[in-house]
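K.L.:
After the structure tokens below, expect a handful of questions from me.
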Amino acid sequence: MELDVNELFFWEPIAFEGTIFEINRVVLLMFLGSIVTMAFFLAGARRGGGLVPRGIRNIAETAYLFVRNQIAIDVIGPKDGPRFAPYLVALFFFIFFMNLMEIVPGINFPVTSRMAIPAALAVLTWIIFNAVGMMKQGPLKYIKNTLILPGVPKGLVPLLAFIELFSTFFIRPLTLAIRLFANMMAGHVLLTIFFLFTADFIALDITLPLGVVTALVAAVLILFELLVITIQAYIFTMLTAFYISEAIHGHGEEEVEALGAHEEEPAVQPA
């Protein structure tokens, strides 16, 4: 059995070869993931069928409310969270459906195992949370609040400011992209290896029992990978919400100041 890893991730161009608009199987699957995401929510938003949602409407509504309430509002807050819920919902399910293609028969390829896709999503998130922070606090104040943490001894300010500079403006998009890319690529390679073992073992009578064992292991791995697919979409979306929340609210200094001001208020004496 020979396995060329490149065959798992690279395909010949289908159209516009040699241009920036080149289309191959990965691009087609990305288009498919976009269409499925839009169709899912369009089907869920259609009218009819009574006031109580059923079927796909119920699933889409429940999915939207989960991301809106459990991620957007819980992390960003009830005031600003609903404004970012549409982006977070679209991000979650776009990643989820592209990840899900890994275990769809006939496709068996997670689009997010190509670095360009997670990288593009990470850069989009990076642009959004930095733009939100600058619009909310002003560019200079946002950068200052990002680099200088509240309550830090003055001697440590330069060191921590340098760390925060790289962490916020360089490391965050990189880790977002690599986390999603690495997990999906590893799962794809692992499933491929077990299915290839299964095919080779079943082809020979003497190794047929081993083929049955590897087939069962592959089935268990598919269930495990379904969990990974969901968790990776959740983590990417949750971290995006956290970064947006931090850009809006800072490192918590506003809450500290408000608490201090509240404690300093004189108690109201009864007449």
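In the structure tokens, the first chain shown is A, the next is B, and so on; residue numbers restart at 1 for each chain, and ligands run from 1 in the order shown.
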What lies within 10 Å of Ile107 (chain A) using only C-alpha atoms, ignoring chain neighbours under 6 positions off, as a ChimeraX atom specification?
P.N.:
/A:25,29,100-101
K.L.:
Write out as a tab-separated table the residues of region 94-141 of chain A that have any atom within 10 Å of an atom of region 74-90 of chain A, one row each with the nearest atom pair and its distance in Å to one decimal, counting only C-alpha atoms, sorted by chain and then rising number.
P.N.:
residue	atom	partner	partner_atom	distance
A:Phe94	CA	A:Ala90	CA	5.8
A:Ile95	CA	A:Ala90	CA	8.5
A:Phe96	CA	A:Ala90	CA	9.8
A:Thr125	CA	A:Tyr87	CA	9.7
K.L.:
Please, what distance in Å, to one decimal, runs between CA of Met135 (chain A) and CA of Ile148 (chain A)?
P.N.:
18.6 Å
K.L.:
Just want the 8 Å neighbourhood of Val132 (chain A), counted on only C-alpha atoms, with same-chain residues fewer than 6 positions away dropped. Output as a list of chain:residue names.
P.N.:
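Final neighbour list, sorted by chain and number: A:Ile244, A:Ala247, A:Ile248.
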K.L.:
Do a neighbour search on Val228 (chain A) at 12 Å with only C-alpha atoms, toss out local chain neighbours closer than 5 positions, and write the hits as a list in words.
P.N.:
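Final neighbour list, sorted by chain and number: Ile95, Phe96, Asn99, Leu100, Glu102, Ile103, Pro110, Arg179, Leu180, Ala182, Asn183, Met184, Met185, Ala186, Gly187, His188, Leu221, Ile222, Leu223, Ala233, Tyr234 and Ile235 of chain A.
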K.L.:
Which is closer to Thr112 (chain A) than all the others in A:Ile59, A:Leu191, A:Val220, A:Met30, using only C-alpha atoms?
P.N.:
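Checking each of A:Ile59, A:Leu191, A:Val220, A:Met30 against Thr112 (chain A), counting only C-alpha atoms, the winner is A:Met30.
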K.L.:
Taking only region 8-206 of chain A into account, list the residues labelled alpha helix (DSSP H) by DSSP (computed from the backbone), as a VMD selection string.
P.N.:
chain A and resid 8 to 9 25 to 45 56 to 67 81 to 100 116 to 137 139 to 147 157 to 166 172 to 203
K.L.:
Could you list, as a list in words, every residue within 12 Å of Ala39 (chain A), counting only C-alpha atoms and ignoring same-chain residues fewer than 5 positions away?
P.N.:
Leu32, Gly33, Ser34, Gly44, Ala45, Arg46, Ile56, Arg57, Ala60, Ala90, Phe93, Phe94 and Phe97 of chain A
K.L.:
Write the selection just made, keeping N, CA, C and O atoms, as a compact mmCIF listing (two decimals), in the first residue's frame?
P.N.:
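result27.txt was written with the following content:
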# COMPACT_ATOMS: atom_id res chain seq x y z
N LEU A 32 -19.79 24.97 -2.49
CA LEU A 32 -20.87 24.10 -2.00
C LEU A 32 -21.16 24.37 -0.54
O LEU A 32 -22.33 24.44 -0.13
N GLY A 33 -20.11 24.54 0.29
CA GLY A 33 -20.32 24.86 1.70
C GLY A 33 -21.05 26.17 1.88
O GLY A 33 -21.92 26.29 2.75
N SER A 34 -20.74 27.16 1.05
CA SER A 34 -21.43 28.46 1.13
C SER A 34 -22.90 28.31 0.76
O SER A 34 -23.79 28.86 1.43
N GLY A 44 -34.91 27.77 6.73
CA GLY A 44 -35.40 27.99 8.08
C GLY A 44 -36.15 29.28 8.24
O GLY A 44 -37.00 29.41 9.14
N ALA A 45 -35.88 30.27 7.38
CA ALA A 45 -36.52 31.58 7.50
C ALA A 45 -37.79 31.70 6.68
O ALA A 45 -38.50 32.72 6.79
N ARG A 46 -38.10 30.70 5.87
CA ARG A 46 -39.29 30.82 5.02
C ARG A 46 -40.55 30.81 5.87
O ARG A 46 -40.62 30.19 6.92
N ILE A 56 -37.10 21.70 9.27
CA ILE A 56 -35.90 22.47 9.05
C ILE A 56 -36.00 23.85 9.68
O ILE A 56 -35.00 24.41 10.14
N ARG A 57 -37.23 24.41 9.76
CA ARG A 57 -37.40 25.71 10.41
C ARG A 57 -37.04 25.63 11.88
O ARG A 57 -36.38 26.52 12.42
N ALA A 60 -33.16 25.22 12.17
CA ALA A 60 -32.44 26.46 11.87
C ALA A 60 -32.64 27.49 12.98
O ALA A 60 -31.69 28.19 13.38
N ALA A 90 -23.16 32.82 10.94
CA ALA A 90 -22.66 32.48 9.60
C ALA A 90 -21.30 31.82 9.69
O ALA A 90 -21.02 30.83 8.99
N PHE A 93 -21.61 28.05 11.17
CA PHE A 93 -22.18 27.03 10.29
C PHE A 93 -21.44 26.91 8.97
O PHE A 93 -21.45 25.83 8.35
N PHE A 94 -20.77 27.97 8.53
CA PHE A 94 -19.92 27.84 7.35
C PHE A 94 -18.77 26.89 7.65
O PHE A 94 -18.47 25.98 6.87
N PHE A 97 -20.24 23.17 8.15
CA PHE A 97 -20.60 22.44 6.93
C PHE A 97 -19.36 22.10 6.10
O PHE A 97 -19.32 21.04 5.46
K.L.:
So what do you get for CA of Leu226 (chain A) versus CA of Ser113 (chain A), distance-wise?
P.N.:
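Between CA of Leu226 (chain A) and CA of Ser113 (chain A) the gap is 14.8 Å.
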K.L.:
Could you check which of A:Ala177, A:Phe170, A:Glu61, A:Leu159 is closest to Leu42 (chain A), using only C-alpha atoms?
P.N.:
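The answer is A:Glu61, which sits nearest to Leu42 (chain A).
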K.L.:
Have a look at A:Pro105, A:Pro173, A:Pro139, A:Gly151 and name the one nearest to Trp126 (chain A); count only C-alpha atoms.
P.N.:
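Answer, going by the shortest atom-to-atom distance: A:Pro173.
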K.L.:
Which of these residues is nearest to Val123 (chain A), using only C-alpha atoms: A:Val152, A:Leu176, A:Ile163, A:Met98?
P.N.:
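Among A:Val152, A:Leu176, A:Ile163, A:Met98, it is A:Leu176 that comes nearest to Val123 (chain A).
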